[in-house]
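What follows is a short report on a single structure.
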Amino acid sequence: MGEQAPARPGRYSPGLPRLVPGTYAAVVLKLPPFVYLAPASLEEALSLHADHEDESRVLAGGQSLIPLLALRLARPEYLVDLSRIGELEGISEEDGAVCIGAMTSELALEHSHLIAERLPLLPQALSFIGHPAIRSRGTLGGSLAHGDPAAELPAVALVLGAQLVAESRDRGRRTIAARDFFLGPFTTALQGDEILTEIRIPWQAPGTGSCFHEVARRLGDFAMVGVAAVARVEQGMIRSCRVALTGVADRAVLRTDGELGLTGESAGSFDAAARRLAEELNPPADLHGSAPYRRHLVRTLVPRVLERACQAAAAGAIS
Amino acid sequence: MIPITLTVNGQLREGSVEGRVTLADFLRERLGLTGTHLGCEHGVCGACTVLLDGEPARSCLVLAVQAQDKEVTTVEGLSGSEPLSALQRAMRDNFSFQCGFCTPGFLIQAWALLKENPRPTEEEVRHALSGNLCRCTGYQSIVAGVLAASTRAPLESQQEGSL
Ligand SMILES: Cc1cc2nc3c(=O)[nH]c(=O)nc-3n(C[C@H](O)[C@H](O)[C@H](O)COP(=O)(O)OP(=O)(O)OC[C@H]3O[C@@H](n4cnc5c(N)ncnc54)[C@H](O)[C@@H]3O)c2cc1C
Ligand code: FES
Ligand code: FES
């Protein structure tokens with residue numbers, strides 16, 4: 001007989017007194033202890049977050065952070081909950097861009113008419129994130145700040161050229177291009193005292209088409225490989241295109257038409273570019289898929305997604 | 001300890017909790033509403049799904065303090081004053097469970113689906129329930145139960161809250 005496996009943290013152990021409803025035994029404290037702070041304004045949140053810079057984490061939808069707490073992979077001393085700050089939620093338009101408050105939920109984005117009209121790629125990608133019960137809580141800002149290398153939204157932010165607005169109490173506001181935001185697995189350009197407040201995404205221009213698709217083991221799982229593309233097509237030729245991939249590296253990666261060797265190519269011959277891209281990438285291997293399998297998915301998905309983006313561009317141009 | 005006030009199944013409830021107590025544990029241990037089940041406790045299985053201001057959410061991934069001023073519906077609140085709601089009866093009649101561990105989460109998720117889409121196709125039911133795991137049934141009977149609930153009686157004639 002092997003040794004008994006150590007009890008997983010947070011699990012009820014046999015032998016503990018049965019919990020009687022109404023009696024609140026200590027065993028149900030599963031998350032590590034933290035001081036919960038619920039500021040009502042951004043200003044207050046920035047101040048609290050800066051006061052405790054190294055020991056503080058902000059809590060958005062909690063759909064990534066609470067699992068990390070439950071597994072004790074994160075043990076912040078202070079948790080600054082952003083959910084009571086109304087000014088961080090909402091979708092509006094300004095100067096040809098859609099401005100999205102960092103705390104806007106993934107479900108709200110999915111249901112927004114403005115997003116459907118101006119950024120049709122976004123709802124397509126959102127439908128692949130977890131399940132509705134996850135998206136009702138998970139936020140755009142949370143997903144970007146979390147920086148999961150297999151998440152959908154970083155790829156969308158890259159391919160659409162999003163600008164991310166970060167604020168801190170001491171240094172004020174700065175804007176970071178999505179291209180400069182994702183630095184590695186779960187690592188972004190955000191400083192310890194900064195809060196991501198707004199995401200500005202330029203409208204998808206008329207005449208461009210877009211598509212998102214991914215392959216995962218089960219519906220709602222993180223992508224083994226996900227591909228986002230936008231393309232502009234003129235007379236059957238690629239005028240410009242951008243492709244972003246998730247699940248293939250330590251962060252989402254972006255390639256433009258020049259880098260893919262697609263400028264001026266006919267809209268329909270993507271296999272060679274996809275093969276070159278697959279060779280150049282060094283995708284991770286895990287339980288879900290081996291590196292060669294992920295390369296295979298790159299070779300399969302990139303042409304498929306580009307074709308659909310070109311078709312959408314052509315359809316848009318006619319109407 | 002942080003004082004909280006929330007509405008659970010239509011009743012105003014108050015309590016005082018540490019920040020780290022999840023909504024699921026608050027419902028189960030403090031309010032005795034043990035119909036909400038905890039399986040994985042990190043968002044994957046769906047057994048703990050409740051309605052939070054009308055939207056399905058994982059109660060293991062919400063802090064109790066975050067439910068301040070919100071409206072929570074648990075499986076106990078689905079039947080209103082009836083012993084079982086129409087959805088629950090349809091699922092019982094279709095043997096939509098074996099051990100029953102996953103059932104509360106499926107009921108909440110199915111309830112939310114039927115509210116938004118009273119006549120779903122089989123594919124829509126499967127899609128909507130794809131975030132809930134069942135280790136017993138193989139899902140066929142769960143899908144059958146939800147489809148039966150959607151076709152049995154015109155939903156408009158059913159009371160609000162007793163779907
Ligand atoms: C079962 C399950 C399946 C999922 N499947 C997917 C999936 O397929 N694809 C996917 O992309 N995601 C998936 N997710 C994760 C989900 O999308 C999360 O909601 C998202 O990644 C994080 O958003 P959040 O608002 O919940 O952030 P939180 O969990 O609250 O925070 C995540 C991290 O970001 C930081 N943070 C949050 N907001 C800010 C801010 N405004 N400024 C600075 N830092 C901030 C937090 O401090 C924390 O470190 C899944 C989650 C679950 C539980
Ligand atoms: S217990 Fe909450 S999703 Fe599994
Ligand atoms: S009936 Fe046993 S887990 Fe679903």
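Labels used: A, B, ... for chains in the order of the structure tokens, numbers from 1 for residues in each chain, and numbers from 1 for ligands as shown.
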Within 6 Å of chain A, which residues of chain B show up? Give each one with its shortest atom-to-atom distance in Å (one decimal) and the two atoms involved, counting only C-alpha atoms, rows by chain then rising residue number, as a tab-separated table.
residue	atom	partner	partner_atom	distance
B:Gly19	CA	A:Tyr36	CA	5.4
B:Arg20	CA	A:Leu31	CA	5.6
B:Glu29	CA	A:Pro21	CA	5.2
B:Arg30	CA	A:Gly22	CA	4.9
B:Gly32	CA	A:Pro21	CA	4.3
B:His42	CA	A:Pro67	CA	4.7
B:Pro56	CA	A:Ala133	CA	4.8
B:Ala57	CA	A:Ala133	CA	4.4
B:Leu61	CA	A:Ile66	CA	5.7
B:Gly131	CA	A:His131	CA	5.5
Quiz item: Just asking: which residues within chain B are helix (DSSP H, G or I) according to DSSP, as a VMD selection string?
Solution: chain B and resid 23 to 30 59 to 61 64 to 67 75 to 77 86 to 93 103 to 116 122 to 128 140 to 152 155 to 157
Practice problem: Would you kindly return, as a list of chain:residue names, each protein, DNA or RNA residue with an atom no farther than 9 Å from any atom of Ala112 (chain B), considering only C-alpha atoms and excluding same-chain residues fewer than 2 positions away? | Solution: B:Leu51, B:Gly54, B:Glu55, B:Pro56, B:Leu107, B:Ile108, B:Gln109, B:Ala110, B:Leu114, B:Lys115, B:Glu116, B:Asn117
I need the chosen residues saved as a compact mmCIF listing (two decimals), in the first residue's frame, with N, CA, C and O atoms.
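Okay, selection-v1.txt is ready:
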# COMPACT_ATOMS: atom_id res chain seq x y z
N LEU B 51 -28.88 31.25 -9.00
CA LEU B 51 -29.16 32.46 -9.76
C LEU B 51 -28.77 33.66 -8.90
O LEU B 51 -29.16 33.75 -7.74
N GLY B 54 -30.75 36.85 -11.03
CA GLY B 54 -31.39 36.24 -12.19
C GLY B 54 -30.46 35.52 -13.16
O GLY B 54 -30.92 34.79 -14.02
N GLU B 55 -29.14 35.71 -13.04
CA GLU B 55 -28.20 35.04 -13.94
C GLU B 55 -27.55 33.87 -13.23
O GLU B 55 -27.15 34.00 -12.07
N PRO B 56 -27.42 32.73 -13.91
CA PRO B 56 -26.71 31.62 -13.27
C PRO B 56 -25.26 32.00 -12.95
O PRO B 56 -24.60 32.65 -13.76
N LEU B 107 -30.73 21.83 -12.44
CA LEU B 107 -32.04 22.46 -12.34
C LEU B 107 -31.94 23.98 -12.52
O LEU B 107 -32.71 24.58 -13.26
N ILE B 108 -30.98 24.58 -11.84
CA ILE B 108 -30.84 26.04 -11.93
C ILE B 108 -30.48 26.44 -13.36
O ILE B 108 -31.06 27.36 -13.94
N GLN B 109 -29.55 25.72 -13.95
CA GLN B 109 -29.09 26.06 -15.29
C GLN B 109 -30.23 25.85 -16.30
O GLN B 109 -30.45 26.68 -17.18
N ALA B 110 -30.97 24.75 -16.14
CA ALA B 110 -32.08 24.48 -17.06
C ALA B 110 -33.19 25.51 -16.86
O ALA B 110 -33.82 25.95 -17.83
N LEU B 114 -34.75 27.81 -19.82
CA LEU B 114 -36.16 27.82 -20.22
C LEU B 114 -36.77 29.20 -20.05
O LEU B 114 -37.70 29.57 -20.76
N LYS B 115 -36.25 29.95 -19.12
CA LYS B 115 -36.75 31.30 -18.93
C LYS B 115 -36.42 32.16 -20.16
O LYS B 115 -37.22 32.95 -20.63
N GLU B 116 -35.20 31.97 -20.67
CA GLU B 116 -34.76 32.77 -21.81
C GLU B 116 -35.29 32.19 -23.12
O GLU B 116 -35.57 32.92 -24.07
N ASN B 117 -35.39 30.88 -23.17
CA ASN B 117 -35.73 30.19 -24.40
C ASN B 117 -36.68 29.04 -24.06
O ASN B 117 -36.26 27.91 -23.86
Quiz item: For the atom pair CA of Gln11 (chain B) and atom 1 (S, counted along the ligand's line) of ligand 2, what is the interatomic distance in Å to one decimal place?
Solution: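 Separation of CA of Gln11 (chain B) and atom 1 (S, counted along the ligand's line) of ligand 2: 23.9 Å.
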Quiz prompt | Residues of region 246-308 of chain A in strand (DSSP E), written as a ChimeraX atom specification | solution = /A:246,253-256
